[in-house]
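> PDB, C-alpha atoms, saved as query18.pdb, coming up:
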ATOM      1  CA  MET W 214      22.603 -40.130  38.940  1.00  0.00           C
ATOM      2  CA  LYS W 215      22.076 -41.928  42.212  1.00  0.00           C
ATOM      3  CA  VAL W 216      22.030 -45.715  42.207  1.00  0.00           C
ATOM      4  CA  THR W 217      18.705 -45.667  44.057  1.00  0.00           C
ATOM      5  CA  GLU W 218      17.259 -43.528  41.260  1.00  0.00           C
ATOM      6  CA  ILE W 219      18.503 -46.029  38.678  1.00  0.00           C
ATOM      7  CA  ALA W 220      16.727 -48.829  40.496  1.00  0.00           C
ATOM      8  CA  GLU W 221      13.542 -46.782  40.540  1.00  0.00           C
ATOM      9  CA  ILE W 222      13.672 -45.911  36.820  1.00  0.00           C
ATOM     10  CA  LEU W 223      14.284 -49.552  35.913  1.00  0.00           C
ATOM     11  CA  ASN W 224      11.608 -50.826  38.243  1.00  0.00           C
ATOM     12  CA  ALA W 225      14.387 -52.953  39.581  1.00  0.00           C
ATOM     13  CA  GLN W 226      15.018 -54.977  42.647  1.00  0.00           C
ATOM     14  CA  ILE W 227      18.121 -54.282  44.692  1.00  0.00           C
ATOM     15  CA  VAL W 228      19.704 -57.645  45.458  1.00  0.00           C
ATOM     16  CA  CYS W 229      22.690 -56.355  47.295  1.00  0.00           C
ATOM     17  CA  GLU W 230      23.174 -52.905  48.784  1.00  0.00           C
ATOM     18  CA  THR W 231      26.136 -51.100  50.227  1.00  0.00           C
ATOM     19  CA  GLU W 232      26.192 -49.011  53.344  1.00  0.00           C
ATOM     20  CA  SER W 233      26.047 -45.746  51.452  1.00  0.00           C
ATOM     21  CA  ASP W 234      22.760 -45.496  49.591  1.00  0.00           C
ATOM     22  CA  SER W 235      23.876 -42.182  48.122  1.00  0.00           C
ATOM     23  CA  LEU W 236      26.239 -43.831  45.617  1.00  0.00           C
ATOM     24  CA  GLU W 237      26.335 -41.925  42.337  1.00  0.00           C
ATOM     25  CA  VAL W 238      27.405 -42.784  38.807  1.00  0.00           C
ATOM     26  CA  ASP W 239      28.383 -40.446  35.966  1.00  0.00           C
ATOM     27  CA  SER W 240      27.422 -42.629  33.031  1.00  0.00           C
ATOM     28  CA  ALA W 241      26.278 -46.066  31.893  1.00  0.00           C
ATOM     29  CA  PHE W 242      27.842 -48.827  29.814  1.00  0.00           C
ATOM     30  CA  ALA W 243      25.945 -51.814  28.470  1.00  0.00           C
ATOM     31  CA  SER W 244      27.568 -55.029  27.276  1.00  0.00           C
ATOM     32  CA  ASP W 245      27.568 -58.769  27.743  1.00  0.00           C
ATOM     33  CA  MET W 246      31.204 -58.815  26.673  1.00  0.00           C
ATOM     34  CA  MET W 247      33.429 -58.042  29.634  1.00  0.00           C
ATOM     35  CA  SER W 248      36.527 -57.449  27.483  1.00  0.00           C
ATOM     36  CA  ASP W 249      34.714 -54.501  25.914  1.00  0.00           C
ATOM     37  CA  VAL W 250      33.818 -53.110  29.312  1.00  0.00           C
ATOM     38  CA  LEU W 251      37.485 -53.355  30.246  1.00  0.00           C
ATOM     39  CA  ALA W 252      38.479 -51.598  27.022  1.00  0.00           C
ATOM     40  CA  TYR W 253      36.079 -48.675  26.903  1.00  0.00           C
ATOM     41  CA  VAL W 254      34.889 -47.562  30.309  1.00  0.00           C
ATOM     42  CA  ASN W 255      36.895 -44.717  31.779  1.00  0.00           C
ATOM     43  CA  ASP W 256      34.659 -43.080  34.312  1.00  0.00           C
ATOM     44  CA  ARG W 257      32.296 -43.995  37.129  1.00  0.00           C
ATOM     45  CA  SER W 258      29.746 -45.984  35.184  1.00  0.00           C
ATOM     46  CA  VAL W 259      26.930 -48.320  36.008  1.00  0.00           C
ATOM     47  CA  LEU W 260      27.294 -51.635  34.159  1.00  0.00           C
ATOM     48  CA  LEU W 261      24.196 -53.060  32.467  1.00  0.00           C
ATOM     49  CA  THR W 262      24.676 -56.655  31.446  1.00  0.00           C
ATOM     50  CA  GLY W 263      22.977 -59.955  30.778  1.00  0.00           C
ATOM     51  CA  LEU W 264      26.117 -61.896  31.663  1.00  0.00           C
ATOM     52  CA  LEU W 265      25.280 -64.210  34.493  1.00  0.00           C
ATOM     53  CA  ASN W 266      28.569 -65.161  36.045  1.00  0.00           C
ATOM     54  CA  VAL W 267      30.937 -63.856  38.650  1.00  0.00           C
ATOM     55  CA  GLN W 268      33.158 -62.166  36.051  1.00  0.00           C
ATOM     56  CA  ALA W 269      30.508 -59.460  35.600  1.00  0.00           C
ATOM     57  CA  ILE W 270      31.106 -58.455  39.225  1.00  0.00           C
ATOM     58  CA  ARG W 271      34.883 -58.901  38.932  1.00  0.00           C
ATOM     59  CA  THR W 272      34.920 -56.595  35.937  1.00  0.00           C
ATOM     60  CA  ALA W 273      32.972 -53.936  37.832  1.00  0.00           C
ATOM     61  CA  GLU W 274      35.387 -54.321  40.721  1.00  0.00           C
ATOM     62  CA  MET W 275      38.454 -53.832  38.504  1.00  0.00           C
ATOM     63  CA  MET W 276      36.897 -50.850  36.741  1.00  0.00           C
ATOM     64  CA  ASP W 277      35.764 -49.107  39.944  1.00  0.00           C
ATOM     65  CA  MET W 278      32.153 -49.363  38.763  1.00  0.00           C
ATOM     66  CA  PRO W 279      29.891 -49.019  41.810  1.00  0.00           C
ATOM     67  CA  CYS W 280      26.795 -50.715  40.433  1.00  0.00           C
ATOM     68  CA  VAL W 281      25.845 -53.678  38.223  1.00  0.00           C
ATOM     69  CA  VAL W 282      22.366 -54.027  36.704  1.00  0.00           C
ATOM     70  CA  LEU W 283      21.336 -57.470  35.491  1.00  0.00           C
ATOM     71  CA  VAL W 284      18.809 -57.140  32.676  1.00  0.00           C
ATOM     72  CA  ARG W 285      16.202 -59.558  31.267  1.00  0.00           C
ATOM     73  CA  GLY W 286      15.133 -60.681  34.717  1.00  0.00           C
ATOM     74  CA  LYS W 287      18.236 -62.680  35.467  1.00  0.00           C
ATOM     75  CA  THR W 288      18.727 -63.941  38.978  1.00  0.00           C
ATOM     76  CA  PRO W 289      22.314 -63.542  40.177  1.00  0.00           C
ATOM     77  CA  THR W 290      24.246 -66.576  41.342  1.00  0.00           C
ATOM     78  CA  GLY W 291      25.304 -66.942  44.964  1.00  0.00           C
ATOM     79  CA  GLU W 292      28.902 -66.300  43.974  1.00  0.00           C
ATOM     80  CA  MET W 293      27.935 -63.032  42.304  1.00  0.00           C
ATOM     81  CA  ILE W 294      26.038 -61.835  45.361  1.00  0.00           C
ATOM     82  CA  GLU W 295      28.848 -62.833  47.670  1.00  0.00           C
ATOM     83  CA  LEU W 296      31.527 -60.998  45.691  1.00  0.00           C
ATOM     84  CA  ALA W 297      29.346 -57.912  45.225  1.00  0.00           C
ATOM     85  CA  LYS W 298      28.777 -57.743  48.977  1.00  0.00           C
ATOM     86  CA  GLU W 299      32.415 -58.245  49.723  1.00  0.00           C
ATOM     87  CA  ARG W 300      33.513 -55.499  47.350  1.00  0.00           C
ATOM     88  CA  GLY W 301      30.756 -53.011  48.114  1.00  0.00           C
ATOM     89  CA  ILE W 302      29.141 -53.170  44.687  1.00  0.00           C
ATOM     90  CA  VAL W 303      25.402 -52.570  44.415  1.00  0.00           C
ATOM     91  CA  LEU W 304      23.771 -55.396  42.478  1.00  0.00           C
ATOM     92  CA  ILE W 305      20.312 -54.871  41.037  1.00  0.00           C
ATOM     93  CA  THR W 306      18.116 -56.873  38.723  1.00  0.00           C
ATOM     94  CA  THR W 307      15.411 -55.681  36.339  1.00  0.00           C
ATOM     95  CA  GLU W 308      12.846 -57.496  34.214  1.00  0.00           C
ATOM     96  CA  LEU W 309      13.493 -55.008  31.397  1.00  0.00           C
ATOM     97  CA  ARG W 310      15.485 -56.023  28.371  1.00  0.00           C
ATOM     98  CA  MET W 311      18.802 -54.340  27.671  1.00  0.00           C
ATOM     99  CA  TYR W 312      17.425 -51.938  25.038  1.00  0.00           C
ATOM    100  CA  GLU W 313      14.636 -50.596  27.176  1.00  0.00           C
ATOM    101  CA  ALA W 314      16.761 -50.405  30.320  1.00  0.00           C
ATOM    102  CA  CYS W 315      19.350 -48.292  28.476  1.00  0.00           C
ATOM    103  CA  GLY W 316      16.663 -46.205  26.786  1.00  0.00           C
ATOM    104  CA  ARG W 317      14.972 -45.331  30.044  1.00  0.00           C
ATOM    105  CA  LEU W 318      18.215 -44.303  31.742  1.00  0.00           C
ATOM    106  CA  PHE W 319      19.343 -42.276  28.743  1.00  0.00           C
ATOM    107  CA  ALA W 320      15.977 -40.500  28.562  1.00  0.00           C
ATOM    108  CA  LYS W 321      16.346 -39.547  32.211  1.00  0.00           C
ATOM    109  CA  GLY W 322      19.667 -37.901  31.466  1.00  0.00           C
ATOM    110  CA  LEU W 323      22.267 -40.568  32.256  1.00  0.00           C
ATOM    111  CA  PRO W 324      24.860 -40.145  29.486  1.00  0.00           C
ATOM    112  CA  ALA W 325      27.149 -42.642  27.766  1.00  0.00           C
ATOM    113  CA  ARG W 326      30.094 -40.647  29.027  1.00  0.00           C
ATOM    114  CA  ARG W 327      30.512 -38.127  31.732  1.00  0.00           C
ATOM    115  CA  ASP W 328      31.709 -35.412  29.332  1.00  0.00           C
ATOM    116  CA  SER W 329      28.926 -35.909  26.773  1.00  0.00           C
ATOM    117  CA  LYS W 330      26.181 -34.481  28.944  1.00  0.00           C
TER     118      LYS W 330
ATOM    119  CA  MET V 211      66.502 -49.214  42.566  1.00  0.00           C
ATOM    120  CA  SER V 212      65.337 -51.103  45.578  1.00  0.00           C
ATOM    121  CA  GLU V 213      62.185 -53.160  45.421  1.00  0.00           C
ATOM    122  CA  LEU V 214      59.785 -52.117  48.102  1.00  0.00           C
ATOM    123  CA  LEU V 215      57.241 -54.886  47.874  1.00  0.00           C
ATOM    124  CA  ASN V 216      56.665 -58.170  46.083  1.00  0.00           C
ATOM    125  CA  PHE V 217      53.560 -60.244  45.720  1.00  0.00           C
ATOM    126  CA  HIS V 218      53.320 -63.715  44.292  1.00  0.00           C
ATOM    127  CA  PHE V 219      50.095 -65.257  43.014  1.00  0.00           C
ATOM    128  CA  VAL V 220      49.289 -68.691  41.651  1.00  0.00           C
ATOM    129  CA  VAL V 221      46.543 -68.602  39.029  1.00  0.00           C
ATOM    130  CA  ASP V 222      44.390 -71.723  39.026  1.00  0.00           C
ATOM    131  CA  GLY V 223      43.750 -72.789  35.461  1.00  0.00           C
ATOM    132  CA  THR V 224      41.005 -75.274  36.156  1.00  0.00           C
ATOM    133  CA  ASN V 225      38.341 -72.941  37.437  1.00  0.00           C
ATOM    134  CA  PHE V 226      37.050 -70.059  35.347  1.00  0.00           C
ATOM    135  CA  THR V 227      34.985 -68.755  38.241  1.00  0.00           C
ATOM    136  CA  ALA V 228      38.129 -68.233  40.292  1.00  0.00           C
ATOM    137  CA  ALA V 229      39.798 -66.252  37.503  1.00  0.00           C
ATOM    138  CA  GLY V 230      40.256 -62.765  38.868  1.00  0.00           C
ATOM    139  CA  ASN V 231      40.923 -63.785  42.451  1.00  0.00           C
ATOM    140  CA  ALA V 232      44.574 -62.783  42.172  1.00  0.00           C
ATOM    141  CA  SER V 233      43.677 -59.453  40.562  1.00  0.00           C
ATOM    142  CA  GLY V 234      41.137 -58.781  43.291  1.00  0.00           C
ATOM    143  CA  GLN V 235      43.778 -59.493  45.910  1.00  0.00           C
ATOM    144  CA  LEU V 236      46.311 -57.302  44.113  1.00  0.00           C
ATOM    145  CA  LYS V 237      43.820 -54.461  43.987  1.00  0.00           C
ATOM    146  CA  LYS V 238      43.290 -54.738  47.740  1.00  0.00           C
ATOM    147  CA  ASN V 239      47.044 -54.725  48.315  1.00  0.00           C
ATOM    148  CA  LEU V 240      47.556 -51.680  46.084  1.00  0.00           C
ATOM    149  CA  ARG V 241      44.785 -49.800  47.880  1.00  0.00           C
ATOM    150  CA  GLN V 242      46.619 -50.273  51.147  1.00  0.00           C
ATOM    151  CA  LEU V 243      49.638 -48.560  49.606  1.00  0.00           C
ATOM    152  CA  ASN V 244      47.618 -45.409  49.020  1.00  0.00           C
ATOM    153  CA  LEU V 245      48.487 -45.192  45.337  1.00  0.00           C
ATOM    154  CA  ALA V 246      46.464 -42.977  42.997  1.00  0.00           C
ATOM    155  CA  PRO V 247      43.111 -44.616  42.142  1.00  0.00           C
ATOM    156  CA  GLU V 248      43.810 -44.449  38.392  1.00  0.00           C
ATOM    157  CA  THR V 249      47.168 -46.210  38.864  1.00  0.00           C
ATOM    158  CA  ILE V 250      45.475 -48.934  40.898  1.00  0.00           C
ATOM    159  CA  ARG V 251      42.741 -49.252  38.292  1.00  0.00           C
ATOM    160  CA  ARG V 252      45.168 -49.602  35.403  1.00  0.00           C
ATOM    161  CA  ALA V 253      47.309 -52.190  37.185  1.00  0.00           C
ATOM    162  CA  SER V 254      44.265 -54.188  38.275  1.00  0.00           C
ATOM    163  CA  ILE V 255      42.712 -54.268  34.799  1.00  0.00           C
ATOM    164  CA  ALA V 256      46.000 -55.257  33.146  1.00  0.00           C
ATOM    165  CA  MET V 257      46.494 -58.021  35.691  1.00  0.00           C
ATOM    166  CA  TYR V 258      42.880 -59.192  35.371  1.00  0.00           C
ATOM    167  CA  GLU V 259      43.078 -59.530  31.584  1.00  0.00           C
ATOM    168  CA  GLY V 260      46.367 -61.372  31.968  1.00  0.00           C
ATOM    169  CA  GLU V 261      44.869 -63.699  34.536  1.00  0.00           C
ATOM    170  CA  ILE V 262      41.864 -64.439  32.334  1.00  0.00           C
ATOM    171  CA  ASN V 263      44.223 -65.142  29.417  1.00  0.00           C
ATOM    172  CA  MET V 264      46.263 -67.594  31.459  1.00  0.00           C
ATOM    173  CA  VAL V 265      43.110 -69.454  32.484  1.00  0.00           C
ATOM    174  CA  ILE V 266      41.663 -69.538  28.960  1.00  0.00           C
ATOM    175  CA  HIS V 267      44.814 -70.392  27.038  1.00  0.00           C
ATOM    176  CA  ALA V 268      47.483 -71.792  29.318  1.00  0.00           C
ATOM    177  CA  GLY V 269      45.827 -73.808  32.066  1.00  0.00           C
ATOM    178  CA  GLY V 270      46.836 -71.221  34.626  1.00  0.00           C
ATOM    179  CA  GLY V 271      50.177 -69.786  35.598  1.00  0.00           C
ATOM    180  CA  GLU V 272      51.887 -67.497  38.034  1.00  0.00           C
ATOM    181  CA  ALA V 273      52.010 -63.785  38.618  1.00  0.00           C
ATOM    182  CA  ASP V 274      54.745 -61.805  40.311  1.00  0.00           C
ATOM    183  CA  VAL V 275      54.182 -58.190  41.167  1.00  0.00           C
ATOM    184  CA  ASN V 276      57.097 -55.982  42.125  1.00  0.00           C
ATOM    185  CA  ILE V 277      56.410 -52.518  43.399  1.00  0.00           C
ATOM    186  CA  THR V 278      59.019 -49.812  43.629  1.00  0.00           C
ATOM    187  CA  GLU V 279      58.700 -46.092  44.232  1.00  0.00           C
ATOM    188  CA  LYS V 280      58.535 -45.542  40.492  1.00  0.00           C
ATOM    189  CA  GLU V 281      56.490 -48.371  39.058  1.00  0.00           C
ATOM    190  CA  ILE V 282      54.378 -51.468  39.408  1.00  0.00           C
ATOM    191  CA  GLU V 283      55.846 -54.379  37.483  1.00  0.00           C
ATOM    192  CA  ILE V 284      53.608 -57.352  36.743  1.00  0.00           C
ATOM    193  CA  ILE V 285      55.216 -60.519  35.420  1.00  0.00           C
ATOM    194  CA  LEU V 286      52.889 -63.256  34.190  1.00  0.00           C
ATOM    195  CA  THR V 287      54.438 -66.625  33.490  1.00  0.00           C
ATOM    196  CA  ASP V 288      52.738 -69.727  32.131  1.00  0.00           C
ATOM    197  CA  ASN V 289      53.655 -73.108  30.709  1.00  0.00           C
ATOM    198  CA  GLY V 290      50.962 -72.994  28.059  1.00  0.00           C
ATOM    199  CA  PRO V 291      51.133 -73.546  24.302  1.00  0.00           C
ATOM    200  CA  GLY V 292      52.791 -70.193  23.556  1.00  0.00           C
ATOM    201  CA  ILE V 293      51.628 -67.525  21.126  1.00  0.00           C
ATOM    202  CA  SER V 294      52.349 -68.424  17.492  1.00  0.00           C
ATOM    203  CA  ASP V 295      51.898 -64.949  16.021  1.00  0.00           C
ATOM    204  CA  ILE V 296      52.329 -62.172  18.551  1.00  0.00           C
ATOM    205  CA  SER V 297      51.581 -59.314  16.161  1.00  0.00           C
ATOM    206  CA  LYS V 298      48.283 -60.956  15.233  1.00  0.00           C
ATOM    207  CA  ALA V 299      47.476 -61.603  18.870  1.00  0.00           C
ATOM    208  CA  MET V 300      47.972 -57.892  19.545  1.00  0.00           C
ATOM    209  CA  GLN V 301      45.282 -56.926  17.017  1.00  0.00           C
ATOM    210  CA  GLU V 302      41.978 -55.918  18.549  1.00  0.00           C
ATOM    211  CA  GLY V 303      39.334 -58.482  17.708  1.00  0.00           C
ATOM    212  CA  TYR V 304      41.729 -61.330  16.931  1.00  0.00           C
ATOM    213  CA  SER V 305      41.054 -64.265  19.219  1.00  0.00           C
ATOM    214  CA  THR V 306      41.923 -67.923  19.374  1.00  0.00           C
ATOM    215  CA  ALA V 307      39.755 -68.498  22.440  1.00  0.00           C
ATOM    216  CA  PRO V 308      37.257 -71.357  22.168  1.00  0.00           C
ATOM    217  CA  GLU V 309      33.605 -70.462  21.508  1.00  0.00           C
ATOM    218  CA  ASN V 310      32.446 -71.394  25.014  1.00  0.00           C
ATOM    219  CA  ILE V 311      34.657 -68.649  26.459  1.00  0.00           C
ATOM    220  CA  ARG V 312      32.606 -66.064  24.575  1.00  0.00           C
ATOM    221  CA  SER V 313      29.497 -67.088  26.462  1.00  0.00           C
ATOM    222  CA  LEU V 314      31.448 -66.267  29.616  1.00  0.00           C
ATOM    223  CA  GLY V 315      32.034 -62.674  28.506  1.00  0.00           C
ATOM    224  CA  PHE V 316      35.573 -62.991  27.169  1.00  0.00           C
ATOM    225  CA  GLY V 317      37.351 -64.105  24.014  1.00  0.00           C
ATOM    226  CA  ALA V 318      36.588 -60.949  22.038  1.00  0.00           C
ATOM    227  CA  GLY V 319      40.211 -60.464  21.110  1.00  0.00           C
ATOM    228  CA  MET V 320      40.674 -57.547  23.492  1.00  0.00           C
ATOM    229  CA  GLY V 321      42.803 -59.147  26.200  1.00  0.00           C
ATOM    230  CA  LEU V 322      46.346 -58.414  25.021  1.00  0.00           C
ATOM    231  CA  PRO V 323      45.388 -55.035  23.462  1.00  0.00           C
ATOM    232  CA  ASN V 324      43.806 -54.045  26.782  1.00  0.00           C
ATOM    233  CA  MET V 325      46.895 -55.132  28.696  1.00  0.00           C
ATOM    234  CA  LYS V 326      48.999 -52.905  26.466  1.00  0.00           C
ATOM    235  CA  ARG V 327      46.486 -50.061  26.721  1.00  0.00           C
ATOM    236  CA  TYR V 328      46.602 -50.015  30.503  1.00  0.00           C
ATOM    237  CA  SER V 329      50.328 -50.454  30.981  1.00  0.00           C
ATOM    238  CA  ASP V 330      53.092 -48.004  30.177  1.00  0.00           C
ATOM    239  CA  GLN V 331      55.330 -50.733  28.864  1.00  0.00           C
ATOM    240  CA  MET V 332      54.646 -54.328  27.891  1.00  0.00           C
ATOM    241  CA  THR V 333      56.891 -57.061  26.559  1.00  0.00           C
ATOM    242  CA  ILE V 334      55.903 -60.562  25.467  1.00  0.00           C
ATOM    243  CA  GLU V 335      58.298 -63.477  25.346  1.00  0.00           C
ATOM    244  CA  SER V 336      56.750 -66.645  24.029  1.00  0.00           C
ATOM    245  CA  GLU V 337      57.949 -69.992  22.824  1.00  0.00           C
ATOM    246  CA  LEU V 338      55.652 -72.492  21.147  1.00  0.00           C
ATOM    247  CA  GLY V 339      55.051 -75.534  23.290  1.00  0.00           C
ATOM    248  CA  LYS V 340      56.880 -73.999  26.231  1.00  0.00           C
ATOM    249  CA  GLY V 341      54.972 -71.025  27.459  1.00  0.00           C
ATOM    250  CA  THR V 342      54.656 -67.288  27.638  1.00  0.00           C
ATOM    251  CA  LYS V 343      56.078 -64.582  29.837  1.00  0.00           C
ATOM    252  CA  ILE V 344      54.497 -61.162  29.802  1.00  0.00           C
ATOM    253  CA  THR V 345      56.008 -58.214  31.633  1.00  0.00           C
ATOM    254  CA  MET V 346      53.951 -55.092  32.171  1.00  0.00           C
ATOM    255  CA  LYS V 347      55.071 -51.884  33.827  1.00  0.00           C
ATOM    256  CA  ILE V 348      52.777 -49.230  35.153  1.00  0.00           C
ATOM    257  CA  ASN V 349      54.356 -45.945  36.202  1.00  0.00           C
ATOM    258  CA  ILE V 350      53.404 -44.624  39.587  1.00  0.00           C
TER     259      ILE V 350
END
Starting from the coordinates I provided, produce the structure as structure tokens.

Amino acid sequence: MKVTEIAEILNAQIVCETESDSLEVDSAFASDMMSDVLAYVNDRSVLLTGLLNVQAIRTAEMMDMPCVVLVRGKTPTGEMIELAKERGIVLITTELRMYEACGRLFAKGLPARRDSK
Amino acid sequence: MSELLNFHFVVDGTNFTAAGNASGQLKKNLRQLNLAPETIRRASIAMYEGEINMVIHAGGGEADVNITEKEIEIILTDNGPGISDISKAMQEGYSTAPENIRSLGFGAGMGLPNMKRYSDQMTIESELGKGTKITMKINI
């Protein structure tokens, strides 16, 4: 699924874009606990999180995750935006809560894992 | 075997926001070496968890990364309190991190298990009151 499509489904605002708007992800992972993201994600996932600090972006960077979605209408900090820009990570923010954001993406066919389609 | 490259990083223990800077830099360096993306990913994650651990538990520390043709070796050294029970610390979900760390997205007791998961070999040397040295090797 394209990152632009994700933003559309989540009625989300793109805070920080990369040059290639055709970025795609295979799956989604949702957690506020970054250690769990680091433990379980093993493909090109979008990260949905309510964690509002720079470590959410760092984690995505380490995991090669191309996109971070902030749920519950959180506004990213300047540090988050700066790091996302620097590392080419798309940062988007949605008013939806975690449950609905995940539900919408899942209903549109974005799986929990690439191989579970 | 000859060492091809070495990197040294100082991990600032006073600033949680800066935790991960060294790992980010390492990842950049590894990318320039044209290593396989999965190798870079594993080394970066292992280093990142180690860096976070040093900030949470040890007031910072140092990281030395030695890269040869065969492997990436990451050595994390700190002068923190040491680990009193290493086998417990290796259990998923066991954490001695303070509660406020959890609100920052860490402290779930996954740090050391993740470091082991993403490295091919990991050894921990720790002495109470003196510090901890963790050596991780990732095959190339």
> Which chain V residues are at most 9 Å from chain W (counting only C-alpha atoms), as a VMD selection string?
chain V and resid 226 to 231 233 to 234 237 247 250 to 252 254 to 255 258 to 259 312 to 321 323 to 324 327 to 328
> Draw an axis-aligned box tight on the listed atoms of stretch 225-235 of chain V, then pad every side by 3 Å and write out centre and edge lengths in Å to one decimal as JSON.

{"center_x": 39.8, "center_y": -65.9, "center_z": 40.6, "size_x": 15.6, "size_y": 20.2, "size_z": 16.6}
> So what do you get for atom CA of W:Val259 versus atom CA of W:Arg310, distance-wise?
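Separation between atom CA of W:Val259 and atom CA of W:Arg310: 15.8 Å.
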> Looking at V:Ala307, V:Ile284, V:Ala299, V:Leu240, which one is nearest to V:His267, with distances taken over only C-alpha atoms?
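Of the candidates, the smallest distance to V:His267 is held by V:Ala307.
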> W:Leu261, W:Ile227, W:Ile270, W:Arg317: which is nearest W:Glu295, counting all atoms listed in the file?
W:Ile270
> Please expand the PyMOL selection byres ((chain W and resi 222) around 9) into the concrete residues it hits in this file, giving the result as an mmCIF file with C-alpha atoms, keeping the file's coordinate frame.

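Saved the output as result.cif:
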data_model
loop_
_atom_site.group_PDB
_atom_site.id
_atom_site.type_symbol
_atom_site.label_atom_id
_atom_site.label_comp_id
_atom_site.auth_asym_id
_atom_site.auth_seq_id
_atom_site.Cartn_x
_atom_site.Cartn_y
_atom_site.Cartn_z
ATOM 1 C CA THR W 217 18.705 -45.667 44.057
ATOM 2 C CA GLU W 218 17.259 -43.528 41.260
ATOM 3 C CA ILE W 219 18.503 -46.029 38.678
ATOM 4 C CA ALA W 220 16.727 -48.829 40.496
ATOM 5 C CA GLU W 221 13.542 -46.782 40.540
ATOM 6 C CA LEU W 223 14.284 -49.552 35.913
ATOM 7 C CA ASN W 224 11.608 -50.826 38.243
ATOM 8 C CA ALA W 225 14.387 -52.953 39.581
ATOM 9 C CA ALA W 314 16.761 -50.405 30.320
ATOM 10 C CA ARG W 317 14.972 -45.331 30.044
ATOM 11 C CA LEU W 318 18.215 -44.303 31.742
ATOM 12 C CA LYS W 321 16.346 -39.547 32.211
#
> Could you check which of W:Ile294, W:Leu323, W:Val284, W:Leu236 is closest to W:Thr307, using all atoms listed in the file?
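Of the candidates, the smallest distance to W:Thr307 is held by W:Val284.
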> Residue by residue, what does the PyMOL selection byres ((chain W and resi 280) around 8) grab here? Present the result as a PyMOL selection string.
chain W and resi 216+258-260+273+278-279+281-282+302-305
> Translate the PyMOL selection byres ((chain W and resi 256) around 8), as applied to the file shown, into an explicit residue set as a PyMOL selection string.
chain W and resi 239-240+254-255+257-258+326-327
> Figure out the distance between atom CA of V:Ile311 and atom CA of W:Glu308, please, to one decimal in Å.
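Value for the atom CA of W:Glu308-atom CA of V:Ile311 distance: 25.7 Å.
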